[in-house]
Structure formats: C-alpha cells, structure tokens
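Asker: To start, I am sharing the structure in question, which I have written as structure tokens.
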There are 2 protein chains.
Amino acid sequence: MRDAYVLGAGQSSFGSFPDETYLSLFDDAFDAAMDSVESPLSPESIDEAFLGTLGVGGRQIGLSGPAVTEHVGLHGIPTSRVENACAASGYAFRQAVTAIRSGMADVALAGGYEVMTDASSDHTRWWLGVSGETEWERTSGTTFAGVYAQMASAHMDEYDTTVEDLSRVAVKNHANGAQNPKAHLGFECSLEDAVSAPAVADPLNLYHCCPTTDGASAVLVASEEVAREHADTPIRVAGCGASSGRVGLFQRGSLTSVPASTRAGEAAYEAAGIGPDDLDFAEVHDCFAIAELLAYEDLGFCDRGEAGRLLREGVTDPDGELPTNTSGGLKSKGHPIGATGTGQIVEAFDQLRGEAHVQVDDPKYGLTHNVGGSGGGATVHIFEKEDAEGSA
Amino acid sequence: MRDAYVLGAGQSSFGSFPDETYLSLFDDAFDAAMDSVESPLSPESIDEAFLGTLGVGGRQIGLSGPAVTEHVGLHGIPTSRVENACAASGYAFRQAVTAIRSGMADVALAGGYEVMTDASSDHTRWWLGVSGETEWERTSGTTFAGVYAQMASAHMDEYDTTVEDLSRVAVKNHANGAQNPKAHLGFECSLEDAVSAPAVADPLNLYHCCPTTDGASAVLVASEEVAREHADTPIRVAGCGASSGRVGLFQRGSLTSVPASTRAGEAAYEAAGIGPDDLDFAEVHDCFAIAELLAYEDLGFCDRGEAGRLLREGVTDPDGELPTNTSGGLKSKGHPIGATGTGQIVEAFDQLRGEAHVQVDDPKYGLTHNVGGSGGGATVHIFEKEDAEGSA
C-alpha cells in the first residue's frame, strides 16, 4: 500500500455570502489549494475528485460533484459526491487517500462546499435536522441542537461539567478565530458573554453553538513521487481512521461518548503508529461546545469526565500541550457542513508548513476529527511533517 | 495494484412496495448478496461500505449510509453514502474496488437503495428533476423526461432513427424482464403497444420511459485471496471506467452522444485489455429508450447513427451477438435510482456464473454501464469469468 501525501490545501472565506454560489465558493477554495502547492501543479494532473456536501437546499441536489469539477475546469474526470452529513468531506478525503493508495490516481482532489445562509431559519432548522435520525428523533420534534443538548446535560450530570466549561470552548475558539481572516465569526468573546448568552437548547446557549455558514475547501492528495516532485516538506497522511455508529442518539448505549469517534481515533493512531501524547495540535469537531469536550475524551486526550479540566488548565490553548482548533474551529471559523472536514485539513496543512495564523511551535504530528450528525459517522486523520529526504 | 473480484451480488425485488422501507429493502439485497457467495462469508469480514442513493424523499436524508449498514448488523465499519444521481451505485462500486485495490479493505460492500413510489407524482417529478441541471434546465420547467426527449428528437433528426427503433428497446427489455421474477414490470409488450402508448415527453411515450421503482441491491467485492477462498469461479473486475460531463444538456456540444459514457467506456476497455467485440453481454442504462441507443454508440457497439439498425437486426437480443439488458434493464426490471448501478452488476454476476434468468451461452466478458442524470457522470465496469486456477 503506497503512501499518500497532502500536496496543497485551501479554502474560501467562511461566512454569509449572499452574492456567492457553491460554484464560486469552490472556485476560491480550488484556487487557494492549487496556489498552495510549492511548485506549480497542472490541473490536468488531477485524476479523480471526491466532494462532500449535505446539499439539501433547493439548488443543484443531484450531481453537484460533477457540476463543481466541470466548473473549475477539471473536465471529464471521475467525480463522486460523498455525503455523510457533517463528516462528508472527512470521508471524501479518506476516499482520495484510498484512490492514491490503490494506484488508480496519482493526484486526487478532496473537498466540500455548502451554502446555508440563504435558507430561511425554518428551512435551516429542518435541513440540519436531517443529520439526526429521521424516523423517531426528527419526527418527535427534536432539533439538531436538541440532540447535542441532551449529550451536554448527561455530561454535566455524570461528570459535574459546568456551563463555564462549555463556555471556555467558545472563548478559546473565538480567540483563535479572531486571528483567522477567513473565519466566519472572527471576533473574541469573554467568558462572561459566553456564559450568559441566550439559550438555544438548554443547557446550550448561543455561544455553545456554531453558526450556519457558506464556504468551500479543497485538498490535493498525491502519491509520494508527485509529492516529492512538488514540495520540499511533504505532508504525509500517516493515518486515516473512520467508523460508523447508530445514527439516532437513542439507539446508543451512552449519551456521553461518540463510539464512532473513538473507533476512528483508534484506527488512525494505530495506522500512524503514534498515540494522543505524540500530537502537536488537533482540529476537532466542535459543532456544539459539548462536542469538543466529547472529542477530548473519545480521542484519548484525557480520561472520561476530564475534558472540563483540560479546558480549565489551558491544555488545549495555543500555548498548551495540545493546542486544539487553532483555526477557530467550527464555532468561530464556521461550519459550512460539507466543507468542514477538508477545511480542518487546510489548518493541519498550514500548521505543518508553519503558515498558520495561530502557529504552533514546529509541529510534527497533527490530527483532524470530523463527525457526521451526532455520531452516525466519524473520520480521524493524522498528518506528519517529513523532512525533504523523507525520514520522518 | 492488486485485483478486485466480485464475491457475491444480490438484489431485492424491484417494484412498488408500500409496506417496505429503504432499510427492509436493503436487508433483502444484503441477504441475497451474502447467500450468493459460494462458501459462507462472515459479515464481520466486511471492512468498509459504499452505498449509493439519490435519497431526496422525506426520510433519512443525511447519513443514510450508516443507517443502512448499522441496520443490517455491520456495526462500526466506515460507511460512505455516494450520490451521483442515477449513477450513484455505479460509483459506489468503483470506490469499493478502489478500497480493495488499495489494500485498505479485503472485503468491501457496494450497494444502493431507493424508495420512490410513496411520493406524489408531483414530488417524484420534482425529485427526478434534481438529476438535471438546476440553474437553467430545471428552473425553465424542463422535466427529466424532457431532457431525454430532446436527445431523442435530435437523434431521430440526425440519423433517421424512428419511433419503431425506440420502441424495440421496450419490446426487447420487457421480453427479458418477463423472465425475471424480481422485475418491476415483468410483462411482455408488443411493438404495436410500444409504438402507440400515450406521450410522456414527445417523442418519448410511456413505453419509452422506465418506471419509478423501490428497490435495493448489494455487491460484495473482495481481494483475490478472499475470492479464491470463497469461490470456485471467481469473477474478476477487469476494468473500471468513470467520467464526468457537464450536467446540463445545453452545456454540451452534441445532443446525440454522452461524452461521459464514451470516456468511461474507453477507460474500462483499456483497463480490461479488450474491446466491445470481446463482450458476451452488456447491461446498459436504458432510463429512456433513447438512452439505450446512445449507449450502443457511445460504448462502441456500433458506429454513430447505427443503433437503430442493431435493434432491427436483433444484435442485442438474447440470441444475438451482444445480448443487452437480459435482466430487463431499467425499462422492465425497474430503476430504483441508487440501486440501479449495483443492480446491473447483480445481472453480470449471475450471467458469468450461468445463473441468469435469460442466460447467455457460456459468457466470459460482460459490461455494465450506469449514467448519472443525462450524462453528468457515468461508470462502465467490465467483468471477467476466470477459471478456478485464475488463468483468464
């Protein structure tokens, strides 16, 4: 099985863009990814594409993948749309890596796009609801924030996690996102603001929920040969973990863990031959504040129930032992559903090349963690900076 | 790049099933695929799944892939939903093959599902419309049948193709489907009936259009080692071609060819090291009668403009040189969008094992051809029966 490398990665600005379309946003992301390659790569080198989107929004619903690749000038290549709710492009990236490893492609494009802010709030609520389980959860009137609110309540009950703990996710991620010019909500917030914001789905308030966002992201994955030809500091895909879980929260044994995340993390660590202690940074799926706490525990950053302590002690701050969501995360950078997974990889790529807005000191290993729905699917990818000669 | 094999393949009945769901239909397909494996395979052997569905229908919209795999007991495996309109599971199969070739999986599941008949006819019309181009084609009021009607008109104009030629597709495919107990419209029709049916989108009439269908299909793809362990006559995936094209018909240079089909076919022939003359049978994408004629020409079964002659001369009849759509095709077996691509592979598998309902005499090579929308995407797969020792 040959190795896969990240050759380039870029994103559009994330935000609310009434004058843009999924096509124009993807254009921006694709250009940014192509521009990030150290020595120029021809678009004709791209053999196949995998594009993530939830894409329920009244525009191109079927076949949006080919619509996007044809639009950016990648004529005739095999293109698949991948949909695993919010983990769509985490899975699209996995498939691009698989294509490289198989030898069926030497360069593969992974990416995602979503336009969310042009829908009415009612429609957006419905739309997000489709990421939950439909037969019982959604038809019972549970909103998607409501699903995560149940997880937050259970975690607070089981581990004495507090509203302050949840709010520290917002404070940290907004502080990071304020440095990121492509962030949707690029402003800081105080702990006081984050604690006292209006309720969305109790105990989650406005600062415990990510925004609905327009945006796109793109990542170029390549064989080792192509990667060494085009980059002095190749970024190796050291591990790709993925797993499914029951889509409905009520179908799972616990409200305070996401088994798909745990399994995906274990698979990624095993493939990379490292553990959480070896990580220099992480981008985790903080669609709601509680999701970041669950990620810490599911991915082995700390023991069960210890996530609040990690935040209080600043372990995941930029100057802590394991800086997490230096991009601003879903909370501040934004969460354009299908663009999020590969958007996280843009940050990992920038960090490992020393070009991030909130730069970690000389990182070697970084992790990205992308969750579909409330845990019906998850991917965990581990990236490694190699030196020019390839000795890791 | 290691070889991939089809180890098992099965489908649910195709039809109108108000008492079934996408889950129960996939259950049937999965059981049929598992039962078709010569020596029993444990479900725990399945490493990853790729599932195709268009899936716009008011039920599980996000994350239906994991919902399905968890439902059939494949807990925790990486599962992706793939959507390329009507080519969804043709692409899902490609990704399963890629996973085997990469070494990331030893057994991968490809499949698809669709429930279409519980929607109102208005909703179904809208739903099918999403496979066309949205910004101009759909909003101008063009139905999906209308898109293919334009292709039919152009072919009739350019090549003197007649309504009788179109109707012969229905007569042939219904005759085949009448032998298939899992076909949706398993009855014969006369040329007179097919010529004189009421118009749907002129020049296409009711017998020139496939039905809207409920159904599911599943294919088990495996490494050579696993295939030889479980089957005496392994079916090798000799070639996997895929290509995209402009989604809107108005964006393409010709109305009488589908460039994505041509490119996918060329890639598949090249990979398999054979040409159309070497094929013993084919399953092609006959969503509308004109689509089967275009497939003949795009896939090199005949020269441009000669498809009508092929039908008149019976070349694609079961006793002809290149029997096509022996399953009944989309026209008679039915077209449950996401289930169609892997449904075609069920027929190829049955043919190559000598177990088809309309059996071709000792075939060695078979082809399946699956189109997304009016040609925004296409896959062509070529299958080869090997002997027990593997000398092809």
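Within each chain, counting starts at residue 1; across the structure tokens, chains are named A, B, ... in the order shown, with ligands numbered 1 upward in that order.
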Taking only C-alpha atoms into account, find every residue of chain A that has an atom no more than 7 Å from chain B, and write it out as a ChimeraX atom specification.

Answerer: /A:1,54,59-63,66-67,70,75-85,91,98-99,101-103,130-131,133-134,242-247,260,376-377

Asker: I'd like the neighbourhood of Ala227 (chain B) as a ChimeraX atom specification, where a residue qualifies if any of its atoms comes within 10 Å (using only C-alpha atoms), though same-chain residues fewer than 2 positions away should be ignored.

Answerer: /B:4-8,37-39,106-107,220-225,229-236

Asker: Can I get the selected residues back with C-alpha atoms, as a tab-separated table (two decimals), in the first residue's frame?

Answerer:
chain	number	residue	atom	x	y	z
B	4	ALA	CA	-10.59	-6.95	-7.14
B	5	TYR	CA	-13.23	-9.66	-7.51
B	6	VAL	CA	-16.99	-9.87	-7.18
B	7	LEU	CA	-17.64	-12.43	-4.49
B	8	GLY	CA	-21.40	-12.11	-4.24
B	37	VAL	CA	-21.27	-16.36	-2.01
B	38	GLU	CA	-20.23	-19.94	-2.81
B	39	SER	CA	-18.74	-20.73	0.58
B	106	ASP	CA	-10.11	-7.14	1.90
B	107	VAL	CA	-13.88	-7.24	1.54
B	220	LEU	CA	-19.50	-7.92	-2.24
B	221	VAL	CA	-16.09	-7.01	-3.63
B	222	ALA	CA	-13.02	-8.86	-2.40
B	223	SER	CA	-9.30	-9.29	-2.80
B	224	GLU	CA	-8.06	-12.18	-4.92
B	225	GLU	CA	-7.07	-14.13	-1.82
B	229	GLU	CA	-11.02	-18.89	-0.73
B	230	HIS	CA	-14.77	-18.45	-1.16
B	231	ALA	CA	-15.46	-19.14	-4.84
B	232	ASP	CA	-14.54	-21.78	-7.40
B	233	THR	CA	-15.24	-19.48	-10.32
B	234	PRO	CA	-14.10	-16.03	-9.27
B	235	ILE	CA	-15.46	-13.06	-11.19
B	236	ARG	CA	-12.67	-10.56	-11.76

Asker: Kindly give the distance, in Å, that separates CA of Val226 (chain B) and CA of Asp28 (chain B), rounded to a single decimal.

Answerer: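 One can read the CA of Val226 (chain B) to CA of Asp28 (chain B) distance as 23.5 Å.
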
Asker: Excluding same-chain residues fewer than 4 positions from Ala145 (chain A), what lies within 10 Å of it counting only C-alpha atoms, as number ranges by chain?

Answerer: A: 125, 128-129, 132, 149-151, 200-202, 204-205, 208-210, 287-288, 374

Asker: For the residues in that selection, give me N, CA and C atoms as an mmCIF file, in the first residue's frame.

Answerer:
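The result, stored in part-v3.cif:
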data_model
loop_
_atom_site.group_PDB
_atom_site.id
_atom_site.type_symbol
_atom_site.label_atom_id
_atom_site.label_comp_id
_atom_site.auth_asym_id
_atom_site.auth_seq_id
_atom_site.Cartn_x
_atom_site.Cartn_y
_atom_site.Cartn_z
ATOM 1 N N ARG A 125 -33.331 24.964 10.042
ATOM 2 C CA ARG A 125 -33.587 24.064 11.170
ATOM 3 C C ARG A 125 -33.960 22.679 10.654
ATOM 4 N N LEU A 128 -30.810 21.031 9.007
ATOM 5 C CA LEU A 128 -29.858 20.467 9.953
ATOM 6 C C LEU A 128 -30.444 19.236 10.616
ATOM 7 N N GLY A 129 -31.763 19.259 10.779
ATOM 8 C CA GLY A 129 -32.414 18.114 11.409
ATOM 9 C C GLY A 129 -32.202 16.823 10.640
ATOM 10 N N GLY A 132 -29.819 14.266 11.922
ATOM 11 C CA GLY A 132 -30.219 13.385 13.015
ATOM 12 C C GLY A 132 -30.994 12.207 12.450
ATOM 13 N N ALA A 149 -27.793 18.996 23.055
ATOM 14 C CA ALA A 149 -28.160 19.465 24.399
ATOM 15 C C ALA A 149 -28.349 18.291 25.348
ATOM 16 N N GLN A 150 -28.917 17.201 24.802
ATOM 17 C CA GLN A 150 -29.078 16.005 25.651
ATOM 18 C C GLN A 150 -27.718 15.435 26.044
ATOM 19 N N MET A 151 -26.770 15.476 25.116
ATOM 20 C CA MET A 151 -25.432 14.982 25.432
ATOM 21 C C MET A 151 -24.772 15.881 26.483
ATOM 22 N N VAL A 200 -30.294 28.333 23.409
ATOM 23 C CA VAL A 200 -30.747 27.774 22.130
ATOM 24 C C VAL A 200 -31.498 26.479 22.417
ATOM 25 N N ALA A 201 -30.823 25.551 23.057
ATOM 26 C CA ALA A 201 -31.459 24.304 23.531
ATOM 27 C C ALA A 201 -30.777 24.014 24.851
ATOM 28 N N ASP A 202 -31.445 24.324 25.912
ATOM 29 C CA ASP A 202 -30.848 24.259 27.251
ATOM 30 C C ASP A 202 -30.204 22.907 27.499
ATOM 31 N N LEU A 204 -27.453 24.359 26.202
ATOM 32 C CA LEU A 204 -26.618 25.024 25.200
ATOM 33 C C LEU A 204 -27.173 26.400 24.858
ATOM 34 N N ASN A 205 -26.304 27.410 24.938
ATOM 35 C CA ASN A 205 -26.721 28.750 24.540
ATOM 36 C C ASN A 205 -26.055 29.145 23.223
ATOM 37 N N HIS A 208 -22.584 28.383 22.573
ATOM 38 C CA HIS A 208 -22.235 26.953 22.601
ATOM 39 C C HIS A 208 -22.573 26.271 21.277
ATOM 40 N N CYS A 209 -23.027 27.076 20.306
ATOM 41 C CA CYS A 209 -23.466 26.532 19.016
ATOM 42 C C CYS A 209 -22.685 27.209 17.889
ATOM 43 N N CYS A 210 -22.240 26.437 16.919
ATOM 44 C CA CYS A 210 -21.541 27.032 15.780
ATOM 45 C C CYS A 210 -22.554 27.722 14.878
ATOM 46 N N CYS A 287 -19.070 21.350 16.673
ATOM 47 C CA CYS A 287 -20.324 21.913 16.165
ATOM 48 C C CYS A 287 -21.122 22.536 17.307
ATOM 49 N N PHE A 288 -21.052 21.898 18.471
ATOM 50 C CA PHE A 288 -21.571 22.451 19.717
ATOM 51 C C PHE A 288 -20.457 22.307 20.752
ATOM 52 N N SER A 374 -24.807 13.341 14.953
ATOM 53 C CA SER A 374 -24.402 13.274 16.355
ATOM 54 C C SER A 374 -23.493 12.074 16.583
#

Asker: Which residues come within 7 Å of region 155-162 of chain B, counting only C-alpha atoms, excluding same-chain residues fewer than 5 positions away, as a VMD selection string?

Answerer: chain B and resid 256 305 308

Asker: Taking the DSSP secondary structure from the backbone, can you list the residues of region 134-278 of chain A that are strand (DSSP E or B), as number ranges by chain?

Answerer: A: 199-201, 204-205, 209, 214-223, 235-244

Asker: Deliver the residues from the most recent selection as a file, using C-alpha atoms, as a tab-separated table (two decimals), in the first residue's frame.

Answerer:
chain	number	residue	atom	x	y	z
A	199	ALA	CA	-30.47	29.73	25.39
A	200	VAL	CA	-30.75	27.77	22.13
A	201	ALA	CA	-31.46	24.30	23.53
A	204	LEU	CA	-26.62	25.02	25.20
A	205	ASN	CA	-26.72	28.75	24.54
A	209	CYS	CA	-23.47	26.53	19.02
A	214	ASP	CA	-21.34	29.38	3.48
A	215	GLY	CA	-17.97	28.12	2.31
A	216	ALA	CA	-15.82	25.63	0.47
A	217	SER	CA	-12.49	23.90	0.93
A	218	ALA	CA	-10.18	21.79	-1.21
A	219	VAL	CA	-7.24	19.47	-0.59
A	220	LEU	CA	-4.88	17.94	-3.15
A	221	VAL	CA	-3.73	14.44	-2.27
A	222	ALA	CA	-0.83	12.87	-4.16
A	223	SER	CA	1.45	9.89	-4.41
A	235	ILE	CA	2.99	16.31	4.48
A	236	ARG	CA	2.33	12.59	4.82
A	237	VAL	CA	-1.07	11.11	5.61
A	238	ALA	CA	0.11	8.97	8.49
A	239	GLY	CA	-3.27	7.51	9.42
A	240	CYS	CA	-6.87	7.52	8.21
A	241	GLY	CA	-9.45	6.20	10.63
A	242	ALA	CA	-13.18	6.10	10.02
A	243	SER	CA	-16.17	4.46	11.63
A	244	SER	CA	-19.94	4.49	11.65

Asker: Excluding same-chain residues fewer than 3 positions from region 354-363 of chain B, what lies within 8 Å of it counting only C-alpha atoms, as a ChimeraX atom specification?

Answerer: /B:176,179-180,280-281,318-319,323,326-327,347,350-351,366,385

Asker: Pick out the residues sitting within 8 Å of Ala170 (chain A), and hand them over as a ChimeraX atom specification; count only C-alpha atoms, and ignore anything fewer than 2 positions along from it in its own chain.

Answerer: /A:166-168,172-174,189,194,207-208,289,331-332

Asker: Measure the distance from CA of Ala268 (chain A) to CA of Leu367 (chain A) in Å and round it to one decimal.

Answerer: 9.1 Å

Asker: Could you please determine the separation between CA of Leu322 (chain B) and CA of Leu279 (chain B) in Å, to one decimal place?

Answerer: 6.9 Å

Asker: Mind checking which residues fall within 6 Å of region 295-300 of chain B, counting only C-alpha atoms, ignoring those fewer than 6 positions away in the same chain, and posting them as a compact mmCIF listing (two decimals) with N, CA, C and O atoms, in the first residue's frame?

Answerer:
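The result, written out as around06.txt:
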# COMPACT_ATOMS: atom_id res chain seq x y z
N THR B 262 -18.76 7.69 -23.20
CA THR B 262 -17.69 7.33 -24.14
C THR B 262 -16.36 7.23 -23.41
O THR B 262 -15.61 6.25 -23.55
N GLY B 265 -16.27 4.30 -21.00
CA GLY B 265 -16.12 3.06 -21.76
C GLY B 265 -14.68 2.85 -22.23
O GLY B 265 -14.10 1.78 -22.07
N ALA B 307 -27.44 2.62 -34.14
CA ALA B 307 -28.07 1.90 -33.03
C ALA B 307 -29.42 1.31 -33.43
O ALA B 307 -29.76 0.18 -33.04

Asker: Counting only C-alpha atoms, which of A:Ala197, A:Ile337, A:Val169, A:Val380 gets nearest to Ala272 (chain A)?

Answerer: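 Result for the nearest residue to Ala272 (chain A): A:Val380.
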